[in-house]
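Next comes data23.txt, a file with compact mmCIF, C-alpha atoms and all ligand atoms.
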# COMPACT_ATOMS: atom_id res chain seq x y z
CA MET A 1 11.01 38.84 -13.52
CA THR A 2 13.38 39.06 -10.54
CA THR A 3 15.91 36.30 -9.91
CA PRO A 4 15.19 34.48 -6.66
CA SER A 5 17.93 34.54 -4.06
CA GLN A 6 20.29 31.57 -4.16
CA PRO A 7 18.81 28.73 -2.02
CA GLN A 8 21.01 27.25 0.69
CA PRO A 9 22.31 23.72 0.02
CA LEU A 10 19.53 21.27 0.85
CA THR A 11 19.61 19.64 4.25
CA ILE A 12 16.82 17.48 5.64
CA PRO A 13 16.01 17.26 9.35
CA PRO A 14 16.87 13.78 10.69
CA ARG A 15 13.30 12.62 11.16
CA LEU A 16 12.27 9.21 12.37
CA LEU A 17 9.17 8.59 10.27
CA MET A 18 6.70 6.71 12.45
CA GLY A 19 3.54 8.00 10.83
CA PRO A 20 1.36 6.50 8.11
CA GLY A 21 4.16 6.72 5.52
CA PRO A 22 6.62 7.36 4.09
CA SER A 23 8.98 5.42 6.31
CA ASN A 24 12.76 5.83 6.48
CA ALA A 25 14.61 3.84 3.86
CA ASN A 26 17.41 1.42 4.60
CA PRO A 27 20.69 3.19 3.65
CA ARG A 28 21.33 0.41 1.13
CA ILE A 29 18.23 1.53 -0.75
CA LEU A 30 19.29 5.18 -0.76
CA SER A 31 22.72 4.19 -1.94
CA ALA A 32 21.26 2.13 -4.83
CA MET A 33 19.12 5.11 -5.80
CA SER A 34 22.13 7.35 -6.12
CA LEU A 35 23.70 5.20 -8.87
CA PRO A 36 23.89 6.85 -12.30
CA ALA A 37 20.76 6.89 -14.43
CA ILE A 38 20.64 4.51 -17.39
CA GLY A 39 18.54 4.47 -20.55
CA HIS A 40 15.05 3.05 -20.06
CA LEU A 41 15.59 0.71 -23.05
CA ASP A 42 19.18 -0.20 -22.20
CA PRO A 43 19.56 -4.02 -22.23
CA PHE A 44 20.88 -3.81 -18.66
CA TYR A 45 17.80 -1.91 -17.53
CA LEU A 46 15.43 -4.29 -19.32
CA GLU A 47 17.08 -7.19 -17.51
CA MET A 48 16.68 -5.36 -14.22
CA MET A 49 12.98 -4.89 -14.99
CA ASP A 50 12.65 -8.67 -15.40
CA GLU A 51 14.37 -9.13 -12.08
CA ILE A 52 12.01 -6.64 -10.40
CA GLN A 53 9.01 -8.48 -11.82
CA ASP A 54 10.24 -11.78 -10.36
CA LEU A 55 10.95 -10.16 -7.00
CA LEU A 56 7.52 -8.53 -6.98
CA ARG A 57 5.89 -11.90 -7.73
CA TYR A 58 7.59 -13.17 -4.57
CA VAL A 59 6.31 -10.36 -2.31
CA TRP A 60 2.82 -10.58 -3.85
CA GLN A 61 2.98 -14.41 -3.65
CA THR A 62 1.74 -14.76 -7.20
CA GLU A 63 2.57 -16.34 -10.52
CA ASN A 64 0.77 -13.53 -12.38
CA LYS A 65 2.64 -12.68 -15.57
CA LEU A 66 1.43 -9.12 -15.42
CA THR A 67 3.28 -7.97 -12.31
CA LEU A 68 5.22 -4.72 -12.46
CA SER A 69 5.90 -1.41 -10.78
CA ILE A 70 3.87 1.55 -11.97
CA SER A 71 5.66 4.90 -12.18
CA GLY A 72 3.58 6.81 -9.65
CA THR A 73 2.51 6.55 -6.02
CA GLY A 74 -0.04 4.18 -4.51
CA SER A 75 -2.90 6.26 -5.91
CA ALA A 76 -1.58 5.58 -9.42
CA GLY A 77 -1.85 1.87 -8.60
CA MET A 78 -5.45 2.42 -7.49
CA GLU A 79 -6.16 4.34 -10.67
CA ALA A 80 -4.53 1.64 -12.85
CA SER A 81 -6.53 -1.15 -11.20
CA LEU A 82 -9.83 0.59 -11.86
CA ALA A 83 -9.02 2.15 -15.23
CA ASN A 84 -8.14 -1.17 -16.84
CA VAL A 85 -11.14 -3.25 -15.83
CA VAL A 86 -13.99 -0.81 -15.26
CA GLU A 87 -16.15 -0.11 -18.29
CA PRO A 88 -18.87 2.51 -18.11
CA GLY A 89 -21.95 1.01 -16.50
CA ASP A 90 -20.11 -1.88 -14.76
CA VAL A 91 -21.43 -2.52 -11.29
CA VAL A 92 -18.53 -2.02 -8.88
CA LEU A 93 -19.12 -2.88 -5.24
CA ILE A 94 -16.81 -1.13 -2.77
CA GLY A 95 -16.43 -2.01 0.89
CA VAL A 96 -15.90 1.28 2.68
CA MET A 97 -14.48 1.10 6.20
CA GLY A 98 -12.31 4.21 6.09
CA TYR A 99 -10.83 7.05 4.09
CA PHE A 100 -9.26 4.99 1.28
CA GLY A 101 -12.47 3.09 0.58
CA HIS A 102 -13.98 6.48 -0.20
CA ARG A 103 -11.11 7.21 -2.59
CA LEU A 104 -11.89 3.95 -4.42
CA VAL A 105 -15.51 5.05 -4.70
CA ASP A 106 -14.50 8.44 -6.06
CA MET A 107 -12.16 6.95 -8.67
CA ALA A 108 -14.55 4.18 -9.78
CA THR A 109 -17.28 6.81 -10.24
CA ARG A 110 -14.96 8.86 -12.46
CA TYR A 111 -14.48 5.79 -14.71
CA GLY A 112 -18.26 5.59 -15.18
CA ALA A 113 -18.93 2.63 -12.90
CA ASP A 114 -22.32 2.02 -11.35
CA VAL A 115 -20.85 2.14 -7.84
CA ARG A 116 -22.57 0.34 -4.96
CA ILE A 117 -21.27 0.88 -1.45
CA ILE A 118 -21.33 -1.16 1.72
CA ASN A 119 -20.17 0.58 4.88
CA LYS A 120 -18.61 -0.35 8.19
CA PRO A 121 -17.88 1.93 11.13
CA TRP A 122 -14.27 3.21 11.04
CA GLY A 123 -12.39 0.65 13.11
CA GLU A 124 -14.24 -2.46 11.93
CA ASN A 125 -14.10 -4.73 8.87
CA PHE A 126 -16.41 -6.91 6.77
CA SER A 127 -17.14 -10.55 7.56
CA LEU A 128 -17.29 -13.08 4.75
CA ALA A 129 -21.03 -13.43 5.39
CA GLU A 130 -21.56 -9.70 4.92
CA LEU A 131 -19.56 -9.73 1.69
CA THR A 132 -21.52 -12.76 0.45
CA GLU A 133 -24.83 -11.04 1.09
CA ALA A 134 -23.65 -7.86 -0.65
CA ILE A 135 -22.39 -9.75 -3.71
CA GLU A 136 -25.64 -11.70 -3.96
CA THR A 137 -27.62 -8.44 -3.76
CA HIS A 138 -25.58 -6.25 -6.12
CA LYS A 139 -24.11 -8.86 -8.52
CA PRO A 140 -21.05 -6.71 -9.19
CA ALA A 141 -18.50 -7.15 -11.96
CA ILE A 142 -15.83 -6.03 -9.49
CA LEU A 143 -15.53 -6.07 -5.71
CA GLY A 144 -13.07 -3.51 -4.30
CA LEU A 145 -11.67 -3.91 -0.78
CA VAL A 146 -8.93 -2.21 1.20
CA ASN A 147 -6.81 -4.92 2.81
CA ALA A 148 -5.04 -2.49 5.17
CA GLU A 149 -7.08 0.64 5.88
CA THR A 150 -4.43 3.19 6.85
CA SER A 151 -6.99 5.64 8.19
CA THR A 152 -8.26 3.21 10.83
CA GLY A 153 -5.49 0.63 11.30
CA VAL A 154 -7.84 -2.23 10.40
CA ARG A 155 -6.92 -5.37 8.47
CA GLN A 156 -9.59 -6.73 6.16
CA PRO A 157 -9.23 -10.54 6.02
CA LEU A 158 -9.35 -11.88 2.46
CA GLU A 159 -9.56 -15.63 3.08
CA GLY A 160 -12.48 -17.01 1.08
CA VAL A 161 -13.26 -13.72 -0.69
CA GLY A 162 -11.61 -14.66 -3.99
CA GLU A 163 -13.50 -17.94 -4.04
CA LEU A 164 -16.73 -16.08 -3.44
CA CYS A 165 -15.93 -13.67 -6.28
CA ARG A 166 -15.17 -16.51 -8.68
CA LYS A 167 -18.47 -18.19 -7.82
CA HIS A 168 -20.25 -14.97 -8.77
CA ASN A 169 -18.11 -14.16 -11.81
CA CYS A 170 -16.74 -11.04 -10.21
CA LEU A 171 -13.18 -9.69 -10.04
CA LEU A 172 -11.53 -9.07 -6.68
CA LEU A 173 -9.62 -5.77 -6.53
CA VAL A 174 -7.50 -5.15 -3.42
CA ASP A 175 -5.71 -2.10 -2.00
CA ALA A 176 -2.54 -3.44 -0.38
CA VAL A 177 -0.81 -0.08 0.05
CA THR A 178 -0.21 -0.57 3.79
CA SER A 179 0.10 -4.35 3.72
CA LEU A 180 2.62 -5.39 1.05
CA GLY A 181 5.84 -6.54 2.68
CA GLY A 182 4.57 -5.93 6.22
CA VAL A 183 1.44 -8.06 6.50
CA PRO A 184 0.90 -11.59 5.11
CA PHE A 185 -0.50 -11.32 1.60
CA TYR A 186 -1.18 -14.28 -0.70
CA ALA A 187 -2.44 -12.95 -4.03
CA ASP A 188 -2.87 -16.34 -5.72
CA GLN A 189 -4.04 -18.34 -2.73
CA TRP A 190 -6.67 -15.70 -1.95
CA GLY A 191 -7.78 -15.36 -5.57
CA VAL A 192 -6.96 -11.66 -5.81
CA ASP A 193 -7.40 -10.40 -9.39
CA LEU A 194 -5.98 -6.90 -9.10
CA ALA A 195 -3.78 -5.54 -6.37
CA TYR A 196 -1.66 -2.45 -5.95
CA SER A 197 0.66 -1.08 -3.29
CA CYS A 198 3.28 1.62 -2.84
CA SER A 199 7.03 1.74 -2.42
CA GLN A 200 7.18 3.87 0.73
CA LYS A 201 5.60 1.71 3.45
CA GLY A 202 6.22 -2.02 4.01
CA LEU A 203 8.89 -2.09 1.31
CA GLY A 204 10.71 0.79 2.95
CA CYS A 205 11.62 2.77 -0.19
CA PRO A 206 11.02 6.45 -0.77
CA PRO A 207 7.65 7.17 -2.43
CA GLY A 208 7.24 7.12 -6.20
CA LEU A 209 6.37 3.59 -7.35
CA ALA A 210 3.28 1.42 -7.16
CA PRO A 211 3.80 -2.36 -7.28
CA PHE A 212 0.91 -3.85 -9.24
CA THR A 213 -0.32 -7.32 -10.15
CA MET A 214 -3.15 -8.53 -12.36
CA SER A 215 -4.54 -12.06 -12.78
CA ASP A 216 -5.38 -13.78 -16.07
CA ARG A 217 -9.09 -13.27 -15.29
CA ALA A 218 -8.58 -9.53 -15.00
CA TRP A 219 -6.45 -9.54 -18.16
CA GLU A 220 -9.31 -11.33 -19.99
CA LYS A 221 -11.76 -8.65 -18.90
CA LEU A 222 -9.35 -6.04 -20.18
CA GLN A 223 -9.11 -7.84 -23.56
CA LYS A 224 -12.89 -8.08 -23.86
CA ARG A 225 -13.44 -4.34 -23.38
CA THR A 226 -15.56 -2.67 -25.99
CA THR A 227 -14.16 0.74 -25.03
CA SER A 228 -10.48 1.64 -24.80
CA VAL A 229 -8.89 2.25 -21.40
CA SER A 230 -9.51 5.93 -20.85
CA ASN A 231 -6.20 6.48 -19.06
CA TRP A 232 -3.33 6.25 -21.58
CA TYR A 233 -0.49 6.31 -19.02
CA LEU A 234 -1.85 3.38 -17.01
CA ASP A 235 -3.23 1.23 -19.85
CA MET A 236 -1.84 -2.28 -19.20
CA ASN A 237 -2.15 -3.13 -22.91
CA LEU A 238 0.58 -0.57 -23.47
CA LEU A 239 2.59 -1.00 -20.26
CA SER A 240 2.78 -4.78 -20.75
CA GLN A 241 4.54 -4.15 -24.06
CA TYR A 242 7.24 -2.19 -22.26
CA TRP A 243 7.60 -4.54 -19.28
CA GLY A 244 7.53 -7.54 -21.66
CA GLU A 245 7.98 -8.17 -25.37
CA PRO A 246 8.29 -6.32 -27.72
CA ARG A 247 9.92 -3.93 -25.19
CA LYS A 248 8.36 -0.90 -26.77
CA TYR A 249 9.04 2.58 -25.41
CA HIS A 250 6.12 3.73 -23.31
CA HIS A 251 7.44 6.39 -20.96
CA THR A 252 10.83 7.37 -19.55
CA ALA A 253 11.00 5.04 -16.56
CA PRO A 254 12.19 6.55 -13.25
CA CYS A 255 15.22 4.26 -13.27
CA ASN A 256 16.68 5.44 -9.96
CA MET A 257 13.40 4.71 -8.18
CA ASN A 258 13.46 1.22 -9.64
CA TYR A 259 17.05 0.71 -8.46
CA GLY A 260 15.75 1.51 -4.99
CA LEU A 261 12.81 -0.85 -5.33
CA ARG A 262 15.10 -3.64 -6.53
CA GLU A 263 17.29 -3.13 -3.45
CA ALA A 264 14.27 -3.07 -1.13
CA LEU A 265 12.98 -6.32 -2.61
CA SER A 266 16.42 -7.83 -2.43
CA LEU A 267 16.52 -6.97 1.29
CA ILE A 268 13.23 -8.83 1.75
CA VAL A 269 14.58 -11.90 -0.05
CA GLU A 270 17.64 -11.73 2.22
CA GLU A 271 15.47 -11.59 5.33
CA GLY A 272 12.83 -14.01 4.04
CA LEU A 273 9.30 -12.78 3.39
CA GLU A 274 7.75 -14.67 6.29
CA ASN A 275 10.46 -13.44 8.68
CA CYS A 276 9.75 -9.92 7.48
CA TRP A 277 6.02 -10.30 8.22
CA GLN A 278 6.88 -11.79 11.60
CA ARG A 279 9.25 -8.93 12.45
CA HIS A 280 6.45 -6.44 11.72
CA GLN A 281 4.05 -8.40 13.93
CA GLN A 282 6.52 -8.72 16.84
CA ASN A 283 7.44 -5.04 16.87
CA ALA A 284 3.78 -4.05 16.65
CA GLU A 285 3.01 -6.26 19.64
CA LEU A 286 5.85 -4.64 21.59
CA LEU A 287 4.30 -1.27 20.75
CA TRP A 288 0.77 -2.35 21.74
CA GLU A 289 1.98 -3.69 25.10
CA GLY A 290 3.93 -0.50 25.78
CA LEU A 291 1.00 1.73 24.88
CA GLU A 292 -1.25 -0.26 27.16
CA LYS A 293 1.22 0.16 30.03
CA LEU A 294 1.06 3.91 29.45
CA GLY A 295 -2.72 3.71 29.83
CA LEU A 296 -3.35 4.33 26.12
CA VAL A 297 -6.00 2.45 24.19
CA CYS A 298 -5.71 1.09 20.64
CA HIS A 299 -8.72 1.88 18.47
CA VAL A 300 -8.93 -1.55 16.82
CA GLU A 301 -9.64 -4.98 18.29
CA LYS A 302 -6.29 -6.84 18.52
CA GLN A 303 -7.25 -9.60 16.10
CA PHE A 304 -7.75 -7.14 13.24
CA ARG A 305 -5.01 -4.62 14.06
CA LEU A 306 -2.46 -3.90 11.36
CA PRO A 307 1.14 -4.49 12.43
CA THR A 308 2.17 -1.71 10.05
CA LEU A 309 -0.19 0.98 11.33
CA THR A 310 -1.64 1.39 14.80
CA THR A 311 -4.39 3.85 15.69
CA VAL A 312 -4.24 5.02 19.28
CA ARG A 313 -7.12 6.89 20.90
CA ILE A 314 -6.17 10.36 22.11
CA PRO A 315 -7.13 10.45 25.80
CA GLN A 316 -9.77 12.96 26.88
CA GLY A 317 -8.30 16.30 27.76
CA VAL A 318 -5.10 15.72 25.76
CA ASN A 319 -4.36 17.96 22.80
CA GLY A 320 -3.37 15.39 20.14
CA LYS A 321 -1.82 17.91 17.81
CA ALA A 322 0.30 19.42 20.58
CA VAL A 323 1.65 15.95 21.41
CA SER A 324 2.59 15.23 17.75
CA SER A 325 4.24 18.64 17.44
CA TYR A 326 6.19 18.03 20.65
CA LEU A 327 7.41 14.63 19.41
CA LEU A 328 8.55 16.21 16.17
CA LYS A 329 10.23 19.17 17.81
CA GLU A 330 11.89 17.43 20.74
CA TYR A 331 12.54 13.95 19.35
CA ASN A 332 12.45 14.38 15.58
CA ILE A 333 9.78 11.67 15.55
CA GLU A 334 6.88 12.00 13.12
CA ILE A 335 3.59 10.32 13.97
CA GLY A 336 0.30 10.87 12.13
CA GLY A 337 -2.98 12.38 13.19
CA GLY A 338 -6.44 11.00 12.48
CA LEU A 339 -7.89 11.19 9.01
CA GLY A 340 -11.53 11.83 8.05
CA GLU A 341 -13.95 10.63 10.73
CA LEU A 342 -11.08 9.89 13.09
CA GLY A 343 -9.59 13.38 12.76
CA GLY A 344 -8.66 14.67 16.24
CA LYS A 345 -9.61 11.32 17.81
CA VAL A 346 -6.54 9.14 17.18
CA TRP A 347 -2.82 9.20 16.54
CA ARG A 348 -1.53 6.95 13.78
CA ILE A 349 1.75 5.18 14.44
CA GLY A 350 3.53 3.43 11.62
CA LEU A 351 6.06 0.62 11.98
CA MET A 352 6.93 -0.10 8.39
CA GLY A 353 9.83 -1.67 6.55
CA TYR A 354 13.25 -0.62 7.88
CA ASN A 355 11.57 1.35 10.68
CA SER A 356 9.89 -1.69 12.19
CA ARG A 357 12.61 -2.22 14.80
CA PRO A 358 12.42 -2.63 18.61
CA GLU A 359 14.71 0.35 19.27
CA ASN A 360 12.29 2.64 17.42
CA VAL A 361 9.35 1.28 19.40
CA LEU A 362 11.17 1.83 22.70
CA LEU A 363 12.23 5.34 21.72
CA LEU A 364 8.68 6.29 20.81
CA LEU A 365 7.25 4.78 24.00
CA GLU A 366 9.77 6.69 26.08
CA ALA A 367 8.92 9.91 24.26
CA PHE A 368 5.20 9.29 24.82
CA ARG A 369 5.83 8.59 28.50
CA LYS A 370 7.60 11.91 28.88
CA VAL A 371 5.11 13.99 26.92
CA LEU A 372 2.03 12.55 28.56
C1 LIG A 401 -4.70 2.35 1.94
C2 LIG A 401 -4.14 3.40 1.04
N1 LIG A 401 -4.53 3.43 -0.24
C3 LIG A 401 -4.04 4.36 -1.09
C4 LIG A 401 -3.12 5.30 -0.68
C5 LIG A 401 -2.59 6.29 -1.65
O1 LIG A 401 -1.22 6.12 -1.81
P1 LIG A 401 -0.26 7.36 -2.20
O2 LIG A 401 -0.42 8.38 -1.13
O3 LIG A 401 1.10 6.70 -2.22
O4 LIG A 401 -0.69 7.83 -3.52
C6 LIG A 401 -2.70 5.31 0.65
C7 LIG A 401 -1.73 6.30 1.13
O5 LIG A 401 -1.33 6.32 2.25
C8 LIG A 401 -3.21 4.32 1.52
O6 LIG A 401 -2.82 4.29 2.80
Would you mind giving the structure from this file in structure tokens?
Ligand SMILES: Cc1ncc(COP(=O)(O)O)c(C=O)c1O
Amino acid sequence: MTTPSQPQPLTIPPRLLMGPGPSNANPRILSAMSLPAIGHLDPFYLEMMDEIQDLLRYVWQTENKLTLSISGTGSAGMEASLANVVEPGDVVLIGVMGYFGHRLVDMATRYGADVRIINKPWGENFSLAELTEAIETHKPAILGLVNAETSTGVRQPLEGVGELCRKHNCLLLVDAVTSLGGVPFYADQWGVDLAYSCSQKGLGCPPGLAPFTMSDRAWEKLQKRTTSVSNWYLDMNLLSQYWGEPRKYHHTAPCNMNYGLREALSLIVEEGLENCWQRHQQNAELLWEGLEKLGLVCHVEKQFRLPTLTTVRIPQGVNGKAVSSYLLKEYNIEIGGGLGELGGKVWRIGLMGYNSRPENVLLLLEAFRKVL
């Protein structure tokens, strides 16, 4: 075998990440991540894990004991949520209003669920009345919803949904990948039983971890299983014994990623969670106003728009891909294209975590003005 030529030292172009994620990390996070690695059972590291769990409870707004960060991206959180509570034959009802609803369907099917689907056009969400009717019809063991559908930019309200699920003895499973840290989320108040997110969006870390939380009701369903969790790596029976007593080795934790997450969460405590949500909302509104002034149209009705992710319709006659390439080449700004049904129809603009700042909004608007 021939030896490859010596690679040049790694340099990364100075991109401003204003797409669907990842977002740029606060330098404090990057600096925390560059600290030396430590043993995953070192008493110092175990203490830090406790701290992370407390900080995560704050951003999830929950008292759930089982709250931790999964070693893996948002999809690992999705996988963990389903793997632990779905037993073969369980009826799982999924609300599909975009690309990530379909991913939930795909995963739940792989775990042997009897999957039932309700659909909404891409750009809309489900009303409580529609969810009530679907639950009464399908009598699911689990209802899966995407709180922030990154493919469409739609927020799915959750007020009243947990109550509805409890009335029908059903667990509420929520994808909060594009909401945690950037959009108000009240796990306990809303009666959410399982929720997962990612490190690289509202929390502003690099990708690699999936914050996760599980209610006592979901834990009970896990304990009553007659089959073992078919995914060893994500089995909460095992992970809970590493994140809590008896602190048993499970896997070699990505300690540097967790340093970064701890710093990101600490930044949110410093700012105040509500202030952080408000900052995301204010900067999104600045963006929406600016886009409107440029004659561009947002795909989603204002009331249900995500502050973290805005879908903008590509005007007729404009080559969407050429515009994104121009922004990248001339301004080092990354924005996203449409996904699935919205492919070629929208741009996706992210304002997440550290990147949700007025100067970024103004820079992007100016770049758009020039390119259009
Ligand atoms: C709503 C939603 N769910 C799940 C995922 C999957 O997360 P990841 O790509 O971090 O695995 C994403 C990714 O963007 C997402 O936006």
> For Ala76 in chain A, which of A:Ile38, A:Lys302, A:Gly208, A:Glu124 is the closest residue, counting only C-alpha atoms?
Replying inline: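 Using only C-alpha atoms, the shortest distance to Ala76 in chain A belongs to A:Gly208.
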>> At a cut-off of 7 Å and counting all atoms listed in the file, what residues surround ligand LIG 401 (chain A)? Please answer as number ranges by chain.
In response: A: 20-21, 73-76, 78, 100, 146, 148-151, 175-178, 198, 207
> Using all atoms listed in the file, which residues sit within 10 Å of range 285-289 of chain A once same-chain residues fewer than 5 positions away are excluded, as a PyMOL selection string?
Replying inline: chain A and resi 279-280+294-298+302+305+307+310+312+349+351+357-358+360-362+364-365
> Mind pulling up the distance from CA of Leu203 in chain A to CA of Arg57 in chain A?
Replying inline: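 Atom-to-atom, CA of Arg57 in chain A to CA of Leu203 in chain A, that is 13.7 Å.
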>> Here is a test: counting all atoms listed in the file, which residue of A:Met18, A:Leu128, A:Leu66, A:Leu339 is nearest to Asp216 in chain A?
In response: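 Answer, going by the shortest atom-to-atom distance: A:Leu66.
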> Nearest to Val91 in chain A: which of A:Lys321, A:Arg103, A:Arg110, A:Lys139 is it, counting all atoms listed in the file?
Replying inline: A:Lys139
> Which polymer residues have any atom within 9 Å of an atom of range 252-254 of chain A, counting only C-alpha atoms, with same-chain residues fewer than 6 positions away left out, as JSON, numbers by chain?
Replying inline: {"A": [37, 39, 40, 41, 71, 208, 209]}
> Between A:Asn26, A:Thr152, A:Asn275, A:Asn319, which is the closest to Trp122 in chain A once you count all atoms listed in the file?
Replying inline: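 Closest to Trp122 in chain A of all the choices is A:Thr152.
The closest residue to Gly204 in chain A, picked from A:Asp42, A:Lys167, A:Ser23, A:Glu79 and counting all atoms listed in the file, is A:Ser23.
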> For the point (3.4, -4.3, 3.3) in file coordinates, what residues are within 8 Å, counting all atoms listed in the file? Give the answer as a ChimeraX atom specification?
Replying inline: /A:176-184,197,201-203,308,352-353
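Between Glu87 in chain A and the residues A:Asn283, A:Ser356, A:Asn147, A:Thr109, the shortest atom-to-atom distance, using only C-alpha atoms, involves A:Thr109.
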>> Just to confirm, what's the straight-line distance from CA of Cys205 in chain A to CA of Tyr354 in chain A in Å (one decimal)?
In response: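 Interatomic distance here is 8.9 Å.
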> Mind pulling up the distance from CA of Ser34 in chain A to CA of Gln6 in chain A?
Replying inline: 24.4 Å
>> Excluding Tyr111 in chain A and its own-chain neighbours fewer than 4 positions away, which residues fall within 12 Å of it when counting only C-alpha atoms? Please give them as JSON, numbers by chain.
In response: {"A": [79, 80, 81, 82, 83, 84, 85, 86, 87, 88, 89, 90, 91, 92, 104, 105, 106, 107, 115, 227, 228, 229, 230, 231]}
>> For Leu131 in chain A, find every residue with an atom within 10 Å (counting all atoms listed in the file), except residues of its own chain fewer than 5 positions away, and show them as a ChimeraX atom specification.
In response: /A:93,95,118,126,136-137,143,161,164-165
>> I want to know what sits within 12 Å of Leu265 in chain A, based on all atoms listed in the file, with residues of the same chain fewer than 3 positions away left out; could you give that as a ChimeraX atom specification?
In response: /A:26,28-29,51-60,69,180-181,199,202-205,211,258-262,268-273,276,353-354
